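A short worksheet on the structure shown next.
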Amino acid sequence: MTPEQIESAVAAAMPQAVEDLRRLAAIPSVAFPGHPEEPVLAAAALTEELLRSTGLSHVQRVPVEGSFPAVYGEVAAPPGAPTVLLYAHYDVQPAGDPAAWRTSPFEPTLIDGQLYGRGTADDKSGIISHVTALRVFQRQFPVGVKVLIEGQEEYAGERLEAFVERNPDLLRADAIVVADTGNPRVGDPSVTTSLRGMAAFTIEVRTLREPVHSGSFGGAAPDALAALMRMLTSLHDDNGDIRVPGLPRGSFLGQGPSEEEFRKTAGALDDVSLVGSGSLADRLWASYAITVTGIDAPSVSGAINAVQPAARARVTVRTPPSGDPKTTVNAVVEFLRQVTPWGAQVSFGDFTVGSGFQADSGGKARAALNRAMERAFGRPPRDVGAGGSIPLVNTLLKQFPAAEILLFGAEDEDAAIHAPNERVDLEELRRIATAEALFLRELSLPSALGV
């Protein structure tokens with residue numbers, strides 16, 4: 001196919017792509033503990049159906065120990081052609097507070113060319129970009145294709161990694177496309193060349209056998225919630241820099257966002273300062289970050305006049321691309337033990353970890369992607385970092401050191417992933433699907449193969 005034919009085919013395929021994304025995003029496939037499993041399995045089934053529609057010769061759901069099934073598809077490479085592995089995930093973050101959404105999180109809603117709903121960007125847009133790019137070729141694929149769609153990326157940490165390590169021949173490829181990142185802004189083509197690692201854990205503090213009256217006992221009885229708050233606030237100094245020993249600030253050599261751009265994207269309120277030291281690129285892409293993502297404590301509406309006997313929190317730690325998440329989480333846990341007040345009982349559990357990623361300078365696959373993205377977007381892509389984590393990527397790098405790993409996708413920084421009002425820009429989705437299809441073609445050409 002010519003580039004013009006590919007562009008026309010993707011444009012013609014977009015109505016079906018949008019309808020498929022609507023169907024997929026309507027499924028509340030939250031793979032967190034405490035959420036129903038049926039919707040997650042329903043999303044796996046629909047993902048399998050969508051992959052079958054591309055004409056891949058083999059598609060199946062494969063079990064992943066301790067997790068939800070992955071969906072795998074493949075077609076053999078034409079003689080002399082390379083093989084590309086395409087990755088995405090079908091699970092999503094919880095919706096959070098429904099009142100914070102302008103539309104229902106699991107009723108995908110189209111507004112001014114943008115589709116709103118949980119997972120429309122992260123990462124069901126990645127599935128649809130793969131499916132749309134593959135459909136273009138009408139079963140005449142220019143390269144070998146393998147597709148792996150994960151079912152518990154948002155929560156399970158490194159559970160898929162063991163599957164990859166046990167099945168190297170199943171996933172071996174010359175290039176790997178991870179469609180779970182995006183551009184800084186819509187229409188600004190970028191390739192993510194670094195990812196922070198992550199670790200998360202739950203901390204529980206106990207001080208009393210049961211709640212006691214705050215009038216009769218307050219002032220002497222140790223409050224578990226107050227103890228937990230003291231411990232969590234001790235993690236940062238007044239400037240917002242981390243106080244845990246052994247977690248220094250890092251530096252990112254590329255260009256990051258301006259403060260004005262970042263404040264707008266983050267939704268920072270007027271007169272509220274940003275936190276931390278160093279450039280924004282340093283803070284976002286090359287340094288450690290600690291965030292309290294949830295607290296179990298009585299709600300304001302249900303509060304009673306009592307001293308709390310127990311409190312829990314979920315803590316997430318981001319590490320630089322080269323940082324060791326296991327060592328990091330151990331350092332944070334030890335610090336919290338040391339600052340525990342009043343002899344309170346403290347315990348830690350529900351650990352998850354995922355390693356970071358740093359790309360090399362790029363080879364033939366990156367050159368092919370540069371050409372594809374330049375045609376799809378009208379200008380060449382630039383390198384960016386990402387503060388988020390994709391645990392599988394580092395395992396793929398270790399397992400297949402000769403393969404080039406390329407991270408790009410339709411999740412621009414205004415897409416509100418992991419937040420209320422998540423959305424994907426449909427024109428961005430079209431450009432990404434076009435770029436991916438053009439990349440598959442470019443990679444098959446003699447110039448890319450060194451022929």
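Residues in the structure tokens are named by chain (A, B, ... in the order shown) and by number from 1 within that chain; ligands are numbered from 1 in the order shown.
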Skip segment 378-388 of chain A itself and residues of its chain fewer than 4 positions away, then list as a PyMOL selection string all residues within 8 Å of it, counting only C-alpha atoms.
chain A and resi 181+188-198+254-256+281+284-286+318+370-371+373-374
Please, could you write that set of residues out with C-alpha atoms as a PDB file, in the first residue's frame?
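Result file is part_15.pdb:
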```pdb
ATOM      1  CA  THR A 181       1.739   7.086  26.377  1.00  0.00           C
ATOM      2  CA  ASP A 188       2.575  17.667  18.968  1.00  0.00           C
ATOM      3  CA  PRO A 189       4.202  14.355  17.881  1.00  0.00           C
ATOM      4  CA  SER A 190       6.433  12.794  20.513  1.00  0.00           C
ATOM      5  CA  VAL A 191       8.102   9.520  21.394  1.00  0.00           C
ATOM      6  CA  THR A 192       8.491   8.697  25.078  1.00  0.00           C
ATOM      7  CA  THR A 193      12.086   7.707  25.739  1.00  0.00           C
ATOM      8  CA  SER A 194      12.036   7.399  29.543  1.00  0.00           C
ATOM      9  CA  LEU A 195       9.581   6.191  32.172  1.00  0.00           C
ATOM     10  CA  ARG A 196       9.764   6.424  35.913  1.00  0.00           C
ATOM     11  CA  GLY A 197       9.413   3.210  37.864  1.00  0.00           C
ATOM     12  CA  MET A 198       6.845   2.839  40.612  1.00  0.00           C
ATOM     13  CA  GLY A 254      15.676  17.099  27.345  1.00  0.00           C
ATOM     14  CA  GLN A 255      13.222  19.987  27.381  1.00  0.00           C
ATOM     15  CA  GLY A 256      10.244  19.834  29.703  1.00  0.00           C
ATOM     16  CA  ALA A 281      11.557  18.046  33.576  1.00  0.00           C
ATOM     17  CA  LEU A 284       8.470  15.022  36.532  1.00  0.00           C
ATOM     18  CA  TRP A 285      10.693  12.610  34.644  1.00  0.00           C
ATOM     19  CA  ALA A 286      13.972  12.045  36.481  1.00  0.00           C
ATOM     20  CA  ARG A 318       7.718   7.037  41.566  1.00  0.00           C
ATOM     21  CA  ASN A 370      10.134   9.188  12.747  1.00  0.00           C
ATOM     22  CA  ARG A 371       9.223   9.109   9.053  1.00  0.00           C
ATOM     23  CA  MET A 373       4.974  10.309  12.486  1.00  0.00           C
ATOM     24  CA  GLU A 374       6.283  13.181  10.401  1.00  0.00           C
TER      25      GLU A 374
END
```
10 Å contact set for Met14 of chain A, only C-alpha atoms, chain neighbours under 2 positions out, as an mmCIF file with C-alpha atoms, in the first residue's frame:
```
data_model
loop_
_atom_site.group_PDB
_atom_site.id
_atom_site.type_symbol
_atom_site.label_atom_id
_atom_site.label_comp_id
_atom_site.auth_asym_id
_atom_site.auth_seq_id
_atom_site.Cartn_x
_atom_site.Cartn_y
_atom_site.Cartn_z
ATOM 1 C CA ALA A 9 -7.989 3.762 4.669
ATOM 2 C CA VAL A 10 -7.523 5.014 8.241
ATOM 3 C CA ALA A 11 -9.807 7.982 7.599
ATOM 4 C CA ALA A 12 -12.473 5.642 6.208
ATOM 5 C CA GLN A 16 -15.957 2.038 13.074
ATOM 6 C CA ALA A 17 -12.992 2.815 15.313
ATOM 7 C CA VAL A 18 -15.039 5.330 17.307
ATOM 8 C CA GLU A 19 -17.915 2.884 17.662
ATOM 9 C CA ASP A 20 -15.524 0.147 18.820
ATOM 10 C CA ILE A 128 -8.198 0.845 19.020
ATOM 11 C CA SER A 129 -5.118 2.426 17.443
ATOM 12 C CA THR A 132 -7.429 0.364 13.239
ATOM 13 C CA LEU A 426 -10.503 11.629 18.031
ATOM 14 C CA GLU A 427 -8.349 13.509 15.552
ATOM 15 C CA LEU A 429 -6.477 8.959 17.616
ATOM 16 C CA ARG A 430 -6.695 9.107 13.811
ATOM 17 C CA ALA A 433 -3.468 5.026 14.014
#
```
Segment 245-249 of chain A surroundings by only C-alpha atoms, 12 Å radius, close-in-sequence under 5 positions cut, as a PyMOL selection string:
chain A and resi 235-236+276-290+317-320+323-325+327-336+338
Please indicate the distance in Å from atom CA of Ala344 of chain A to atom CA of Ala311 of chain A, rounded to one decimal place.
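Atom-to-atom, atom CA of Ala344 of chain A to atom CA of Ala311 of chain A, that is 11.2 Å.
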Mind checking which residues fall within 7 Å of segment 37-42 of chain A, counting only C-alpha atoms, ignoring those fewer than 6 positions away in the same chain, and posting them as a ChimeraX atom specification?
/A:27-31,91
Can those selected residues be exported to a file as a PDB file, in the first residue's frame so that it contains N, CA and C atoms?
```pdb
ATOM      1  N   ILE A  27     -17.457  -0.556  29.153  1.00  0.00           N
ATOM      2  CA  ILE A  27     -17.278  -1.674  30.092  1.00  0.00           C
ATOM      3  C   ILE A  27     -16.423  -1.212  31.259  1.00  0.00           C
ATOM      4  N   PRO A  28     -16.912  -1.257  32.498  1.00  0.00           N
ATOM      5  CA  PRO A  28     -16.133  -0.795  33.666  1.00  0.00           C
ATOM      6  C   PRO A  28     -15.092  -1.829  34.097  1.00  0.00           C
ATOM      7  N   SER A  29     -14.072  -2.000  33.296  1.00  0.00           N
ATOM      8  CA  SER A  29     -13.087  -3.066  33.495  1.00  0.00           C
ATOM      9  C   SER A  29     -12.012  -2.635  34.492  1.00  0.00           C
ATOM     10  N   VAL A  30     -12.425  -2.410  35.718  1.00  0.00           N
ATOM     11  CA  VAL A  30     -11.522  -2.026  36.807  1.00  0.00           C
ATOM     12  C   VAL A  30     -10.990  -3.298  37.454  1.00  0.00           C
ATOM     13  N   ALA A  31      -9.713  -3.556  37.319  1.00  0.00           N
ATOM     14  CA  ALA A  31      -9.128  -4.815  37.792  1.00  0.00           C
ATOM     15  C   ALA A  31      -8.505  -4.660  39.175  1.00  0.00           C
ATOM     16  N   ASP A  91      -7.653  -2.972  30.961  1.00  0.00           N
ATOM     17  CA  ASP A  91      -8.183  -2.583  32.268  1.00  0.00           C
ATOM     18  C   ASP A  91      -8.045  -1.080  32.451  1.00  0.00           C
TER      19      ASP A  91
END
```
Pick out the residues sitting within 8 Å of Phe163 of chain A, and hand them over as a list of chain:residue names; count only C-alpha atoms, and ignore anything fewer than 3 positions along from it in its own chain.
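These residues fall inside the cut-off: A:Val64, A:Glu65, A:Arg159, A:Leu160, A:Arg166, A:Asn167.
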Keeping only N, CA and C atoms, write those residues as a short mmCIF file (atom, residue, chain, number, x, y, z; two decimals), in the first residue's frame.
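After the write, result_26.cif holds the following:
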```
data_model
loop_
_atom_site.label_atom_id
_atom_site.label_comp_id
_atom_site.auth_asym_id
_atom_site.auth_seq_id
_atom_site.Cartn_x
_atom_site.Cartn_y
_atom_site.Cartn_z
N VAL A 64 -2.92 -15.59 32.78
CA VAL A 64 -1.77 -14.99 33.45
C VAL A 64 -1.93 -15.29 34.94
N GLU A 65 -0.96 -15.98 35.51
CA GLU A 65 -1.08 -16.42 36.90
C GLU A 65 -1.29 -15.24 37.84
N ARG A 159 2.97 -8.59 37.53
CA ARG A 159 2.43 -9.94 37.37
C ARG A 159 2.58 -10.46 35.94
N LEU A 160 2.50 -9.59 34.94
CA LEU A 160 2.66 -10.05 33.57
C LEU A 160 4.11 -10.37 33.25
N ARG A 166 8.50 -16.47 30.98
CA ARG A 166 8.27 -17.90 30.71
C ARG A 166 7.95 -18.18 29.25
N ASN A 167 7.61 -17.16 28.48
CA ASN A 167 7.18 -17.36 27.09
C ASN A 167 7.96 -16.47 26.12
#
```
Considering only C-alpha atoms, can you say which of A:Val147, A:Val164, A:Leu445, A:Ala306 comes closest to Ala76 of chain A?
A:Val147
Closest of A:Pro82, A:Gly119, A:Pro446, A:Pro309 to Pro211 of chain A - atom-to-atom distances counting only C-alpha atoms
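Using only C-alpha atoms, Pro211 of chain A sits closest to A:Pro309.
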So that I can check the surroundings of Ala81 of chain A, please list as an NGL selection string every protein, DNA and RNA residue that reaches within 10 Å of it, counting only C-alpha atoms and ignoring chain neighbours fewer than 2 positions away.
:A and (76-79 or 83-84 or 142-144 or 174 or 443-446 or 449)
Would you list, as a ChimeraX atom specification, the residues of segment 108-294 of chain A that end up in strand (DSSP E) under DSSP run on this structure's backbone?
/A:109-111,114-116,144-150,175-178,190-195,197-206,212-213,289-294
Save out the residues we just selected, C-alpha atoms, as a PDB file, in the first residue's frame.
```pdb
ATOM      1  CA  THR A 109     -19.949  10.757  25.409  1.00  0.00           C
ATOM      2  CA  LEU A 110     -18.793  12.606  22.286  1.00  0.00           C
ATOM      3  CA  ILE A 111     -18.362  16.366  22.764  1.00  0.00           C
ATOM      4  CA  GLN A 114     -13.513  14.362  21.978  1.00  0.00           C
ATOM      5  CA  LEU A 115     -14.814  11.132  23.492  1.00  0.00           C
ATOM      6  CA  TYR A 116     -15.212  11.323  27.269  1.00  0.00           C
ATOM      7  CA  GLY A 144       4.988 -10.089  11.093  1.00  0.00           C
ATOM      8  CA  VAL A 145       2.641  -8.956  13.852  1.00  0.00           C
ATOM      9  CA  LYS A 146       2.221 -10.048  17.462  1.00  0.00           C
ATOM     10  CA  VAL A 147      -0.280  -8.333  19.751  1.00  0.00           C
ATOM     11  CA  LEU A 148      -0.391  -8.541  23.540  1.00  0.00           C
ATOM     12  CA  ILE A 149      -3.225  -6.782  25.381  1.00  0.00           C
ATOM     13  CA  GLU A 150      -2.862  -6.947  29.164  1.00  0.00           C
ATOM     14  CA  ALA A 175      10.469  -3.953  17.394  1.00  0.00           C
ATOM     15  CA  ILE A 176       7.928  -3.384  20.161  1.00  0.00           C
ATOM     16  CA  VAL A 177       5.251  -0.673  20.095  1.00  0.00           C
ATOM     17  CA  VAL A 178       3.803   0.296  23.473  1.00  0.00           C
ATOM     18  CA  SER A 190       6.433  12.794  20.513  1.00  0.00           C
ATOM     19  CA  VAL A 191       8.102   9.520  21.394  1.00  0.00           C
ATOM     20  CA  THR A 192       8.491   8.697  25.078  1.00  0.00           C
ATOM     21  CA  THR A 193      12.086   7.707  25.739  1.00  0.00           C
ATOM     22  CA  SER A 194      12.036   7.399  29.543  1.00  0.00           C
ATOM     23  CA  LEU A 195       9.581   6.191  32.172  1.00  0.00           C
ATOM     24  CA  GLY A 197       9.413   3.210  37.864  1.00  0.00           C
ATOM     25  CA  MET A 198       6.845   2.839  40.612  1.00  0.00           C
ATOM     26  CA  ALA A 199       6.113   1.150  43.888  1.00  0.00           C
ATOM     27  CA  ALA A 200       3.007   1.237  46.041  1.00  0.00           C
ATOM     28  CA  PHE A 201       1.986  -0.051  49.430  1.00  0.00           C
ATOM     29  CA  THR A 202      -0.684   0.251  52.094  1.00  0.00           C
ATOM     30  CA  ILE A 203       0.188   1.492  55.568  1.00  0.00           C
ATOM     31  CA  GLU A 204      -1.999   0.843  58.609  1.00  0.00           C
ATOM     32  CA  VAL A 205      -1.620   2.539  62.000  1.00  0.00           C
ATOM     33  CA  ARG A 206      -3.355   1.252  65.152  1.00  0.00           C
ATOM     34  CA  VAL A 212     -13.487   6.169  72.275  1.00  0.00           C
ATOM     35  CA  HIS A 213     -15.392   9.376  73.051  1.00  0.00           C
ATOM     36  CA  ALA A 289       7.968  11.421  43.891  1.00  0.00           C
ATOM     37  CA  ILE A 290       5.763  10.230  46.739  1.00  0.00           C
ATOM     38  CA  THR A 291       1.987  10.617  46.625  1.00  0.00           C
ATOM     39  CA  VAL A 292      -0.704   9.601  49.090  1.00  0.00           C
ATOM     40  CA  THR A 293      -3.395   8.250  46.780  1.00  0.00           C
ATOM     41  CA  GLY A 294      -6.003   7.231  49.342  1.00  0.00           C
TER      42      GLY A 294
END
```
Kindly give the distance, in Å, that separates atom CA of Asp414 of chain A and atom CA of Arg118 of chain A, rounded to a single decimal.
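So the answer is 13.9 Å.
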DSSP helix (DSSP H, G or I) residues within segment 99-315 of chain A, as JSON, numbers by chain:
{"A": [99, 100, 124, 125, 126, 127, 128, 129, 130, 131, 132, 133, 134, 135, 159, 160, 161, 162, 163, 164, 165, 166, 168, 169, 170, 171, 214, 215, 216, 217, 224, 225, 226, 227, 228, 229, 230, 231, 232, 233, 259, 260, 261, 262, 263, 264, 265, 266, 280, 281, 282, 283, 284, 285, 286]}
Neighbour list for Ala415 of chain A as an NGL selection string, cut-off 7 Å, only C-alpha atoms, skip fewer than 5 positions in-chain:
:A and (121 or 422-424)
Please, could you write that set of residues out with N, CA and C atoms as a short mmCIF file (atom, residue, chain, number, x, y, z; two decimals), in the first residue's frame?
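Result file follows (again_27.cif):
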```cif
data_model
loop_
_atom_site.label_atom_id
_atom_site.label_comp_id
_atom_site.auth_asym_id
_atom_site.auth_seq_id
_atom_site.Cartn_x
_atom_site.Cartn_y
_atom_site.Cartn_z
N ALA A 121 -8.95 7.11 26.84
CA ALA A 121 -7.55 7.35 26.50
C ALA A 121 -6.67 6.24 27.04
N GLU A 422 -11.84 12.02 31.95
CA GLU A 422 -10.89 11.49 30.98
C GLU A 422 -11.49 11.55 29.59
N ARG A 423 -10.64 11.85 28.62
CA ARG A 423 -11.13 11.91 27.25
C ARG A 423 -10.00 11.66 26.26
N VAL A 424 -10.38 11.28 25.04
CA VAL A 424 -9.41 11.16 23.96
C VAL A 424 -9.87 12.06 22.82
#
```
Please, what distance in Å, to one decimal, runs between atom CA of Thr340 of chain A and atom CA of Leu208 of chain A?
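We find that atom CA of Thr340 of chain A and atom CA of Leu208 of chain A lie 15.0 Å from each other.
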Using only C-alpha atoms, the shortest atom-to-atom distance to Gly250 of chain A among A:Leu170, A:Ala220, A:Tyr155, A:Ser322 belongs to A:Ser322
Counting only C-alpha atoms, the residue of A:Pro222, A:Phe106, A:Lys124, A:Gly73 that sits nearest His58 of chain A:
A:Gly73
